[in-house]
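Only one structure is covered here, and it is reproduced in the block below.
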Amino acid sequence: MNQLLRELAEQGRNEAAIDAFLEQHELPFVDGSKVTFVFHGFVDEVYLQHWIFGLPSSQQFERMPGTNLFHLTIDIPERSRVEYKLEIRKNGQRRLIADPHNPHFARDPYGANSVVQGAGYEFPDWALEDSEARRGETQDHKIESRVFGGSRDLRVYLPARYRPTRRYPLLVMHDGQDYERFASLVTILDNLTHRLEIPQMVVVMTQSPNRLHEYADDPRHADFIADEVVSWADERFSLVDSPAARGLGGASFGAVASLSTALRKPGVFENLFLQSGSFAFTDIGDHDRGPLFDPVVQFVNRYRDDPKRPAQRIFVSCGTYESLIYYNRSMVPILRDTGAELRYVEARDGHNWENWRDRMREGLSWLFPGPLWLVYE
Amino acid sequence: MTTLHIPDHVHLLGPQRLHPTLRPALDRAQIGDRIATITGGWEEREGEDEELRSHVARDVVDLRIWGRLEGVFAADSELRAAMQERYDRIRVLRRLYQRQLAHALASARELLTTHDGWCEDLYELATEASIDAVRIIDRKHREHVADIHTAFRERLDPSRHPELERQRDEIRATLETCSALCIAGGHVAILLNRMRALGVLDHWGARPIFAWSAGAMVLCDDIVLFHDRPPQGAGDAELLEPGFGLVKDIVVLPHAKRRLRLDDPMRVALFARRFAPARAIALDDGACLEARQNVLTHVDGSSRLEEDGSVVLLQTSGSAA
């Protein structure tokens with residue numbers, strides 16, 4: 001038991017004392033690699049639900065005898081970031097809730113999770129709004145897609161002080177609007193540009209209405225991105241006309257879509273930004289990830305049999321608490337052996353947007369180095 | 001190579017965007033109405049100087065060095081190719097220099113951070129030798145860059161580049177009507193190269209110059225590029241190449257608080273010792289240095305990196321700097 005809880009148990013166990021105790025402390029308790037989660041309420045059982053691959057995904061809290069205080073201590077390595085929920089069971093009913101004692105949340109398209117930051121984790125200051133950073137401009141557009149039929153939404157980021165007289169690199173980000181909402185993409189672009197760590201660049205954010213199908217090596221998607229989106233952007237914005245100045249990126253299935261597009265359309269993008277790619281494959285037998293992964297597994301298996309260089313420079317990141325870590329680690333030497341220059345980064349984090357946020361500085365500044373050594377304004 | 005006149009006074013200022021100090025400096029020096037500005041370090045934004053004009057409240061003429069040279073390149077492909085070749089060679093040289101520096105600086109840092117109880121005198125000999133190794137690499141790089149520039153100048157026949165000569169003449173004529181020259185920051189290599197190509201300082205003479213950030217860097221003996229917290233790499237400060245040398249024995253460090261780990265005595269000491277006897281002086285927001293015939297006569301809001309690893313706020317007196 002956590003030392004503070006032990007003291008609480010020794011002092012007395014009335015509910016008012018427990019409430020006062022909880023108000024006084026920041027929860028969960030983080031003590032080196034030990035993290036103690038606490039829940040106080042009239043329930044039957046409490047479970048920790050998390051997405052750390054390698055640990056049981058549901059772990060039961062222990063009740064402090066004679067109280068409604070539940071607690072659980074687990075080991076979380078230093079510099080970890082873990083997203084979780086609490087599963088509350090009462091009268092045979094189950095409910096997933098955010099940790100009511102933890103003020104830290106991470107939002108995603110499905111809602112929000114509580115977050116525990118292990119000892120030594122540092123929130124990236126470059127992901128916070130910087131009052132000195134000049135703001136870029138975001139624009140909402142629609143593109144008529146011949147490939148898919150109908151119009152698609154595109155959101156475009158133009159850097160502060162964008163001038164048509166200059167030519168800019170282009171980055172196309174899959175699920176870019178999610179990157180903006182859940183991973184602070186626009187704030188990070190503003191900040192890294194201000195700090196001169198990336199060049200001023202134009203970013204086109206795509207958002208597929210059917211990503212799990214279109215991103216899974218669908219040839220139409222490659223046509224859409226490489227032919228329609230790039231041409232559309234070229235016509236409207238002042239871009240460097242060179243594959244070396246074009247990047248394509250995404251997370252999860254978005255990383256699969258990026259790799260697939262780069263392979264299907266060689267010479268369009270020479271920079272890939274692949275985060276937590278869903279690069280599932282099989283060496284023998286079937287995979288167990290469900291039918292949505294069938295085309296992904298076929299694509300990755302084919303690629304592993306006959307690897308080709310998809311781009312000159314590839315940034316790959318993955319969380320060590322993701323079930324995809326094995327696949328990503330396996331892809332790294334294959335991609336590197338094609339002659340691509342590759343940077344691979346792991347972090348003690350899961351398959352989530354803040355993991356992808358936290359790796360953005362390293363990835364973007366490596367793929368698109370800014371002029372920080374030469375510009376002193 | 002033209003020998004430049006040392007101006008009567010040179011004012012080196014901190015970044016102007018958030019804390020403009022140019023106007024008080026101009027007022028203090030009793031500068032008259034018409035001043036020339038260089039905003040070529042801003043590249044394609046050159047001349048977008050509404051804030052600057054409003055701040056100085058004087059008649060301003062921008063020399064348009066970036067735009068002029070773009071025009072020269074468009075008209076003179078031979079010159080453009082020759083310059084491109086020169087910069088390509090310098091870029092290769094820079095990459096080789098960076099590789100040499102990485103090892104030498106890593107060695108010096110290791111020694112400076114691991115005293116391990118060695119005899120003080122022997123330890124000092126070893127650390128000095130490791131910093132000397134860095135100085136030798138710097139010196140060789142400086143010489144190699146100078147050789148490339150010399151070879152370029154010797155090959156250049158001005159009579160074959162009339163557009164360049166015309167632009168140089170125009171700048172010379174414009175400058176004759178101005179009482180002071182103000183050089184803004186921006187891309188330091190572009191600023192240096194274009195000012196040099198257009199001979200901006202060749203006939204400026206003893207009139208005062210006011211410069212900030214990259215503009216201040218190009219006026220010193222050596223231009224040192226620096227960043228202790230880059231997103232990639234070890235943050236090895238490097239010598240770009242010699243500047244115009246109008247202010248001697250100073251390395252200026254714009255945005256030092258943001259770019260340098262001034263709270264890390266090892267890095268501060270290494271920087272100060274490496275470039276000694278030149279003084280490493282931080283030029284942050286609000287900073288102002290005034291040099292008259294190479295003597296600092298007015299110092300405000302600046303600090304100096306010391307060889308013992310400390311950072312000392314400079315007083316308003318020449319002797320302190």
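Please note that chains go A, B, ... in the order of the structure tokens, that every chain numbers its residues from 1, and that ligands are numbered from 1 in the order shown.
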
Exercise for review: Hey, list the chain B side of the contact with chain A: 8 Å cut-off, only C-alpha atoms, answer as JSON, numbers by chain.
Suggested key: {"B": [15, 44, 45, 184, 185, 186, 187, 188, 189, 213, 214, 225, 226, 227, 230, 231, 232, 254, 255]}

Practice item. Identify all residues of segment 42-236 of chain A in helix (DSSP H, G or I) (DSSP on the backbone) and supply them as a ChimeraX atom specification. Key: /A:125-127,176-183,185-194,211-214,219-236

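Computed from the coordinates, the atom CA of Val229 of chain A to atom CA of Asn271 of chain A distance equals 16.3 Å.
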
As an mmCIF file with C-alpha atoms, in the first residue's frame, please: every residue in segment 58-273 of chain B that DSSP puts in strand (DSSP E or B).
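The resulting file, out_33.cif, is shown below:
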data_model
loop_
_atom_site.group_PDB
_atom_site.id
_atom_site.type_symbol
_atom_site.label_atom_id
_atom_site.label_comp_id
_atom_site.auth_asym_id
_atom_site.auth_seq_id
_atom_site.Cartn_x
_atom_site.Cartn_y
_atom_site.Cartn_z
ATOM 1 C CA ASP B 59 13.071 59.329 -43.743
ATOM 2 C CA VAL B 60 14.116 55.771 -44.570
ATOM 3 C CA VAL B 61 15.475 54.313 -47.785
ATOM 4 C CA ASP B 62 15.794 50.550 -48.001
ATOM 5 C CA ALA B 180 23.368 56.442 -40.904
ATOM 6 C CA LEU B 181 23.052 52.826 -41.972
ATOM 7 C CA CYS B 182 20.706 50.455 -40.126
ATOM 8 C CA ILE B 183 21.087 46.724 -40.662
ATOM 9 C CA GLY B 186 17.411 37.772 -40.521
ATOM 10 C CA HIS B 187 19.344 35.195 -42.500
ATOM 11 C CA ILE B 209 26.076 52.094 -38.285
ATOM 12 C CA PHE B 210 23.242 50.616 -36.236
ATOM 13 C CA ALA B 211 22.690 46.884 -36.468
ATOM 14 C CA TRP B 212 20.754 44.212 -34.640
ATOM 15 C CA CYS B 220 32.059 41.480 -36.141
ATOM 16 C CA ASP B 222 33.818 36.243 -36.819
ATOM 17 C CA ILE B 223 30.255 35.110 -37.332
ATOM 18 C CA VAL B 224 29.474 32.325 -34.888
ATOM 19 C CA LEU B 225 26.326 30.252 -35.356
ATOM 20 C CA GLU B 238 30.239 26.804 -35.383
ATOM 21 C CA LEU B 239 32.072 29.519 -37.202
ATOM 22 C CA LEU B 240 30.226 30.569 -40.353
ATOM 23 C CA GLU B 241 33.026 32.718 -41.698
ATOM 24 C CA PRO B 242 34.648 36.058 -41.006
ATOM 25 C CA VAL B 247 33.823 45.701 -34.437
ATOM 26 C CA ILE B 250 33.549 40.527 -29.986
ATOM 27 C CA VAL B 251 31.312 37.589 -30.783
ATOM 28 C CA VAL B 252 27.705 38.733 -30.519
ATOM 29 C CA LEU B 253 24.981 36.312 -29.509
ATOM 30 C CA PRO B 254 21.461 37.484 -30.395
#

Exercise for review: Extract, using only C-alpha atoms, all DNA, RNA and protein residues at most 10 Å from segment 44-56 of chain A, discarding same-chain residues fewer than 2 positions from it, and format them as a PyMOL selection string.
Suggested key: chain A and resi 37-42+58-63+68-72+82-97+99+113-115+319-325+348-352

Practice item. List the neighbours of Tyr97 of chain B out to 10 Å using only C-alpha atoms; skip same-chain residues closer than 3 positions along the sequence, and give me the result as a list in words. Key: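 Close residues of Tyr97 of chain B: Arg91, Val92, Leu93, Arg94, Gln100, Leu101, Ala102, Ile137, Asp138, Lys140, His141, Glu238 and Leu239 of chain B.
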
Mind dumping the selected residues with N, CA and C atoms as a PDB file, in the first residue's frame?
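Saved file selection.pdb follows:
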ATOM      1  N   ARG B  91      29.359  25.000 -48.668  1.00  0.00           N
ATOM      2  CA  ARG B  91      28.446  24.078 -47.981  1.00  0.00           C
ATOM      3  C   ARG B  91      29.130  22.736 -47.696  1.00  0.00           C
ATOM      4  N   VAL B  92      29.887  22.258 -48.681  1.00  0.00           N
ATOM      5  CA  VAL B  92      30.607  20.995 -48.468  1.00  0.00           C
ATOM      6  C   VAL B  92      31.631  21.169 -47.355  1.00  0.00           C
ATOM      7  N   LEU B  93      32.329  22.283 -47.444  1.00  0.00           N
ATOM      8  CA  LEU B  93      33.336  22.579 -46.423  1.00  0.00           C
ATOM      9  C   LEU B  93      32.688  22.620 -45.036  1.00  0.00           C
ATOM     10  N   ARG B  94      31.508  23.204 -44.981  1.00  0.00           N
ATOM     11  CA  ARG B  94      30.820  23.340 -43.698  1.00  0.00           C
ATOM     12  C   ARG B  94      30.459  21.965 -43.130  1.00  0.00           C
ATOM     13  N   GLN B 100      34.263  17.399 -38.050  1.00  0.00           N
ATOM     14  CA  GLN B 100      35.468  17.531 -37.228  1.00  0.00           C
ATOM     15  C   GLN B 100      35.120  18.113 -35.861  1.00  0.00           C
ATOM     16  N   LEU B 101      34.275  19.149 -35.892  1.00  0.00           N
ATOM     17  CA  LEU B 101      33.908  19.825 -34.656  1.00  0.00           C
ATOM     18  C   LEU B 101      33.215  18.887 -33.677  1.00  0.00           C
ATOM     19  N   ALA B 102      32.352  18.022 -34.210  1.00  0.00           N
ATOM     20  CA  ALA B 102      31.552  17.165 -33.336  1.00  0.00           C
ATOM     21  C   ALA B 102      32.457  16.370 -32.404  1.00  0.00           C
ATOM     22  N   ILE B 137      40.623  23.733 -35.425  1.00  0.00           N
ATOM     23  CA  ILE B 137      39.628  23.376 -36.449  1.00  0.00           C
ATOM     24  C   ILE B 137      38.901  24.641 -36.920  1.00  0.00           C
ATOM     25  N   ASP B 138      38.571  25.509 -35.967  1.00  0.00           N
ATOM     26  CA  ASP B 138      37.933  26.786 -36.344  1.00  0.00           C
ATOM     27  C   ASP B 138      38.840  27.597 -37.263  1.00  0.00           C
ATOM     28  N   LYS B 140      41.346  26.679 -39.149  1.00  0.00           N
ATOM     29  CA  LYS B 140      41.509  26.065 -40.478  1.00  0.00           C
ATOM     30  C   LYS B 140      40.261  26.314 -41.329  1.00  0.00           C
ATOM     31  N   HIS B 141      39.108  26.210 -40.694  1.00  0.00           N
ATOM     32  CA  HIS B 141      37.873  26.429 -41.454  1.00  0.00           C
ATOM     33  C   HIS B 141      37.816  27.870 -41.960  1.00  0.00           C
ATOM     34  N   GLU B 238      29.280  26.883 -34.282  1.00  0.00           N
ATOM     35  CA  GLU B 238      30.239  26.804 -35.383  1.00  0.00           C
ATOM     36  C   GLU B 238      30.506  28.186 -35.966  1.00  0.00           C
ATOM     37  N   LEU B 239      31.685  28.292 -36.537  1.00  0.00           N
ATOM     38  CA  LEU B 239      32.072  29.519 -37.202  1.00  0.00           C
ATOM     39  C   LEU B 239      31.494  29.496 -38.614  1.00  0.00           C
TER      40      LEU B 239
END

Point to revise | Shortest interatomic distance to His5 of chain B - which of B:Asp202, B:Glu43, B:Asp116, B:Asp49, counting only C-alpha atoms | key: B:Asp202

Taking only C-alpha atoms into account, produce a table as CSV in which each residue of segment 62-104 of chain A with an atom at most 12 Å from an atom of segment 18-25 of chain A appears once, together with its shortest atom pair and the distance in Å to one decimal, ordered by chain and rising number.
residue,atom,partner,partner_atom,distance
A:Met64,CA,A:Ile18,CA,10.8
A:Gly66,CA,A:Ile18,CA,11.8
A:Thr67,CA,A:Ile18,CA,8.8
A:Asn68,CA,A:Ile18,CA,9.1
A:Leu69,CA,A:Ile18,CA,7.8
A:Phe70,CA,A:Ile18,CA,11.1
A:Pro100,CA,A:Leu22,CA,10.7
A:His101,CA,A:Leu22,CA,7.7
A:Asn102,CA,A:His25,CA,10.2
A:Pro103,CA,A:His25,CA,11.7

Exercise for review: Go through B:Gly245, B:Pro277, B:Gly286, B:Gly301 and flag the residue nearest Met217 of chain B, using only C-alpha atoms for the distances.
Suggested key: B:Gly245

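Among B:Val134, B:Ile148, B:Ile65, B:Ala278, the residue with the shortest atom-to-atom distance to Ala82 of chain B, counting only C-alpha atoms, is B:Ile148.
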
Review point. If we count only C-alpha atoms, what is near Val299 of chain B at a cut-off of 12 Å, once residues fewer than 2 positions away on the same chain are taken out, given as an MDAnalysis selection string?
Key: chainID B and resid 10:14 25 281:283 286:292 295:297 301:304 313:321

Practice item. Quick one: everything within 10 Å of Leu189 of chain A, counting only C-alpha atoms, minus sequence neighbours fewer than 6 positions away in the same chain. Send it as an MDAnalysis selection string. Key: chainID A and resid 126:127 133 135:136 157:160 180 195 197:203 360:361 364

Export of prior selection with N, CA and C atoms as a PDB file, in the first residue's frame:
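Just written: out-v6.pdb:
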ATOM      1  N   TRP A 126       6.812  23.108 -26.277  1.00  0.00           N
ATOM      2  CA  TRP A 126       6.598  23.550 -27.652  1.00  0.00           C
ATOM      3  C   TRP A 126       5.201  23.167 -28.158  1.00  0.00           C
ATOM      4  N   ALA A 127       4.433  22.457 -27.332  1.00  0.00           N
ATOM      5  CA  ALA A 127       3.065  22.128 -27.738  1.00  0.00           C
ATOM      6  C   ALA A 127       2.054  23.078 -27.106  1.00  0.00           C
ATOM      7  N   ALA A 133       4.976  33.543 -30.565  1.00  0.00           N
ATOM      8  CA  ALA A 133       4.952  32.892 -31.889  1.00  0.00           C
ATOM      9  C   ALA A 133       3.893  33.546 -32.766  1.00  0.00           C
ATOM     10  N   ARG A 135       1.107  33.594 -35.513  1.00  0.00           N
ATOM     11  CA  ARG A 135       0.101  32.584 -35.834  1.00  0.00           C
ATOM     12  C   ARG A 135      -0.006  32.378 -37.337  1.00  0.00           C
ATOM     13  N   GLY A 136      -0.047  31.130 -37.742  1.00  0.00           N
ATOM     14  CA  GLY A 136      -0.351  30.825 -39.129  1.00  0.00           C
ATOM     15  C   GLY A 136      -1.845  30.958 -39.358  1.00  0.00           C
ATOM     16  N   TYR A 157      -3.103  24.675 -43.651  1.00  0.00           N
ATOM     17  CA  TYR A 157      -2.345  25.563 -42.760  1.00  0.00           C
ATOM     18  C   TYR A 157      -1.338  26.332 -43.601  1.00  0.00           C
ATOM     19  N   LEU A 158      -1.432  27.655 -43.533  1.00  0.00           N
ATOM     20  CA  LEU A 158      -0.423  28.507 -44.164  1.00  0.00           C
ATOM     21  C   LEU A 158       0.395  29.146 -43.049  1.00  0.00           C
ATOM     22  N   PRO A 159       1.708  29.114 -43.165  1.00  0.00           N
ATOM     23  CA  PRO A 159       2.519  29.660 -42.070  1.00  0.00           C
ATOM     24  C   PRO A 159       2.349  31.167 -41.954  1.00  0.00           C
ATOM     25  N   ALA A 160       2.616  31.675 -40.777  1.00  0.00           N
ATOM     26  CA  ALA A 160       2.613  33.126 -40.596  1.00  0.00           C
ATOM     27  C   ALA A 160       3.557  33.743 -41.621  1.00  0.00           C
ATOM     28  N   GLU A 180      -5.028  18.246 -35.443  1.00  0.00           N
ATOM     29  CA  GLU A 180      -5.196  19.615 -34.950  1.00  0.00           C
ATOM     30  C   GLU A 180      -5.940  19.622 -33.614  1.00  0.00           C
ATOM     31  N   ARG A 195      10.328  29.019 -33.690  1.00  0.00           N
ATOM     32  CA  ARG A 195      11.648  28.669 -33.155  1.00  0.00           C
ATOM     33  C   ARG A 195      12.641  28.323 -34.262  1.00  0.00           C
ATOM     34  N   GLU A 197      12.753  25.799 -36.035  1.00  0.00           N
ATOM     35  CA  GLU A 197      13.136  24.388 -36.021  1.00  0.00           C
ATOM     36  C   GLU A 197      12.589  23.649 -37.237  1.00  0.00           C
ATOM     37  N   ILE A 198      11.569  24.181 -37.847  1.00  0.00           N
ATOM     38  CA  ILE A 198      11.113  23.700 -39.151  1.00  0.00           C
ATOM     39  C   ILE A 198      11.008  24.926 -40.057  1.00  0.00           C
ATOM     40  N   PRO A 199      11.058  24.707 -41.373  1.00  0.00           N
ATOM     41  CA  PRO A 199      10.870  25.865 -42.253  1.00  0.00           C
ATOM     42  C   PRO A 199       9.399  26.245 -42.270  1.00  0.00           C
ATOM     43  N   GLN A 200       9.111  27.423 -42.731  1.00  0.00           N
ATOM     44  CA  GLN A 200       7.715  27.750 -42.991  1.00  0.00           C
ATOM     45  C   GLN A 200       7.212  26.737 -44.012  1.00  0.00           C
ATOM     46  N   MET A 201       6.103  26.104 -43.738  1.00  0.00           N
ATOM     47  CA  MET A 201       5.602  25.106 -44.690  1.00  0.00           C
ATOM     48  C   MET A 201       4.082  25.141 -44.759  1.00  0.00           C
ATOM     49  N   VAL A 202       3.593  24.669 -45.900  1.00  0.00           N
ATOM     50  CA  VAL A 202       2.152  24.556 -46.093  1.00  0.00           C
ATOM     51  C   VAL A 202       1.757  23.137 -45.713  1.00  0.00           C
ATOM     52  N   VAL A 203       0.710  23.020 -44.911  1.00  0.00           N
ATOM     53  CA  VAL A 203       0.256  21.700 -44.483  1.00  0.00           C
ATOM     54  C   VAL A 203      -1.190  21.509 -44.924  1.00  0.00           C
ATOM     55  N   MET A 360       6.180  14.883 -32.348  1.00  0.00           N
ATOM     56  CA  MET A 360       6.099  15.692 -33.565  1.00  0.00           C
ATOM     57  C   MET A 360       7.323  16.590 -33.774  1.00  0.00           C
ATOM     58  N   ARG A 361       7.822  17.127 -32.684  1.00  0.00           N
ATOM     59  CA  ARG A 361       8.979  18.027 -32.840  1.00  0.00           C
ATOM     60  C   ARG A 361      10.162  17.268 -33.441  1.00  0.00           C
ATOM     61  N   LEU A 364       9.189  16.136 -37.269  1.00  0.00           N
ATOM     62  CA  LEU A 364       9.080  17.200 -38.276  1.00  0.00           C
ATOM     63  C   LEU A 364      10.407  17.924 -38.462  1.00  0.00           C
TER      64      LEU A 364
END

**Study point:** Straight-line distance linking atom CA of Thr187 of chain A with atom CA of Asp130 of chain A, stated in Å to one decimal
**Key:** 8.3 Å

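Look at segment 213-219 of chain A: the protein and nucleic acid residues within 8 Å of it, using only C-alpha atoms and passing over chain neighbours fewer than 4 places away, are Ser208, Asp223, Phe253, Gly254, Val256, Ala257, Ser260, Thr261, Arg264, Leu292, Phe293, Pro295, Val296 and Phe299 of chain A.
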
Those selected residues, please, written with N, CA and C atoms and delivered as a PDB file, in the first residue's frame.
ATOM      1  N   SER A 208     -10.562  11.544 -43.970  1.00  0.00           N
ATOM      2  CA  SER A 208     -11.357  10.598 -44.760  1.00  0.00           C
ATOM      3  C   SER A 208     -12.654  10.246 -44.036  1.00  0.00           C
ATOM      4  N   ASP A 223      -4.307   7.551 -55.468  1.00  0.00           N
ATOM      5  CA  ASP A 223      -4.619   8.479 -56.567  1.00  0.00           C
ATOM      6  C   ASP A 223      -5.127   9.805 -56.003  1.00  0.00           C
ATOM      7  N   PHE A 253      -3.684   3.756 -38.920  1.00  0.00           N
ATOM      8  CA  PHE A 253      -4.007   3.460 -40.320  1.00  0.00           C
ATOM      9  C   PHE A 253      -3.523   4.584 -41.242  1.00  0.00           C
ATOM     10  N   GLY A 254      -3.404   5.782 -40.705  1.00  0.00           N
ATOM     11  CA  GLY A 254      -2.886   6.901 -41.496  1.00  0.00           C
ATOM     12  C   GLY A 254      -1.439   6.681 -41.907  1.00  0.00           C
ATOM     13  N   VAL A 256      -0.233   3.625 -42.464  1.00  0.00           N
ATOM     14  CA  VAL A 256      -0.342   2.617 -43.528  1.00  0.00           C
ATOM     15  C   VAL A 256      -0.676   3.309 -44.851  1.00  0.00           C
ATOM     16  N   ALA A 257      -1.625   4.246 -44.784  1.00  0.00           N
ATOM     17  CA  ALA A 257      -2.023   4.974 -45.992  1.00  0.00           C
ATOM     18  C   ALA A 257      -0.844   5.755 -46.562  1.00  0.00           C
ATOM     19  N   SER A 260       1.597   3.198 -48.136  1.00  0.00           N
ATOM     20  CA  SER A 260       0.988   2.630 -49.341  1.00  0.00           C
ATOM     21  C   SER A 260       0.998   3.649 -50.481  1.00  0.00           C
ATOM     22  N   THR A 261       0.638   4.894 -50.170  1.00  0.00           N
ATOM     23  CA  THR A 261       0.597   5.943 -51.200  1.00  0.00           C
ATOM     24  C   THR A 261       1.994   6.198 -51.759  1.00  0.00           C
ATOM     25  N   ARG A 264       2.863   3.344 -54.062  1.00  0.00           N
ATOM     26  CA  ARG A 264       2.077   3.320 -55.300  1.00  0.00           C
ATOM     27  C   ARG A 264       2.408   4.509 -56.208  1.00  0.00           C
ATOM     28  N   LEU A 292     -11.065  -5.940 -40.901  1.00  0.00           N
ATOM     29  CA  LEU A 292     -10.586  -4.640 -41.385  1.00  0.00           C
ATOM     30  C   LEU A 292      -9.092  -4.675 -41.675  1.00  0.00           C
ATOM     31  N   PHE A 293      -8.402  -5.570 -40.991  1.00  0.00           N
ATOM     32  CA  PHE A 293      -6.954  -5.647 -41.174  1.00  0.00           C
ATOM     33  C   PHE A 293      -6.555  -6.547 -42.349  1.00  0.00           C
ATOM     34  N   PRO A 295      -6.819  -6.365 -45.664  1.00  0.00           N
ATOM     35  CA  PRO A 295      -6.019  -5.725 -46.730  1.00  0.00           C
ATOM     36  C   PRO A 295      -4.700  -5.151 -46.221  1.00  0.00           C
ATOM     37  N   VAL A 296      -4.667  -4.743 -44.957  1.00  0.00           N
ATOM     38  CA  VAL A 296      -3.419  -4.213 -44.398  1.00  0.00           C
ATOM     39  C   VAL A 296      -2.385  -5.328 -44.317  1.00  0.00           C
ATOM     40  N   PHE A 299      -1.109  -6.213 -47.664  1.00  0.00           N
ATOM     41  CA  PHE A 299      -0.186  -5.168 -48.146  1.00  0.00           C
ATOM     42  C   PHE A 299       1.178  -5.300 -47.471  1.00  0.00           C
TER      43      PHE A 299
END

Check your understanding: With only C-alpha atoms as the atoms that count, which of B:Arg86, B:Arg229, B:Arg68, B:Lys257 lies nearest to Glu163 of chain B?
Key ->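 Checking each of B:Arg86, B:Arg229, B:Arg68, B:Lys257 against Glu163 of chain B, counting only C-alpha atoms, the winner is B:Arg68.
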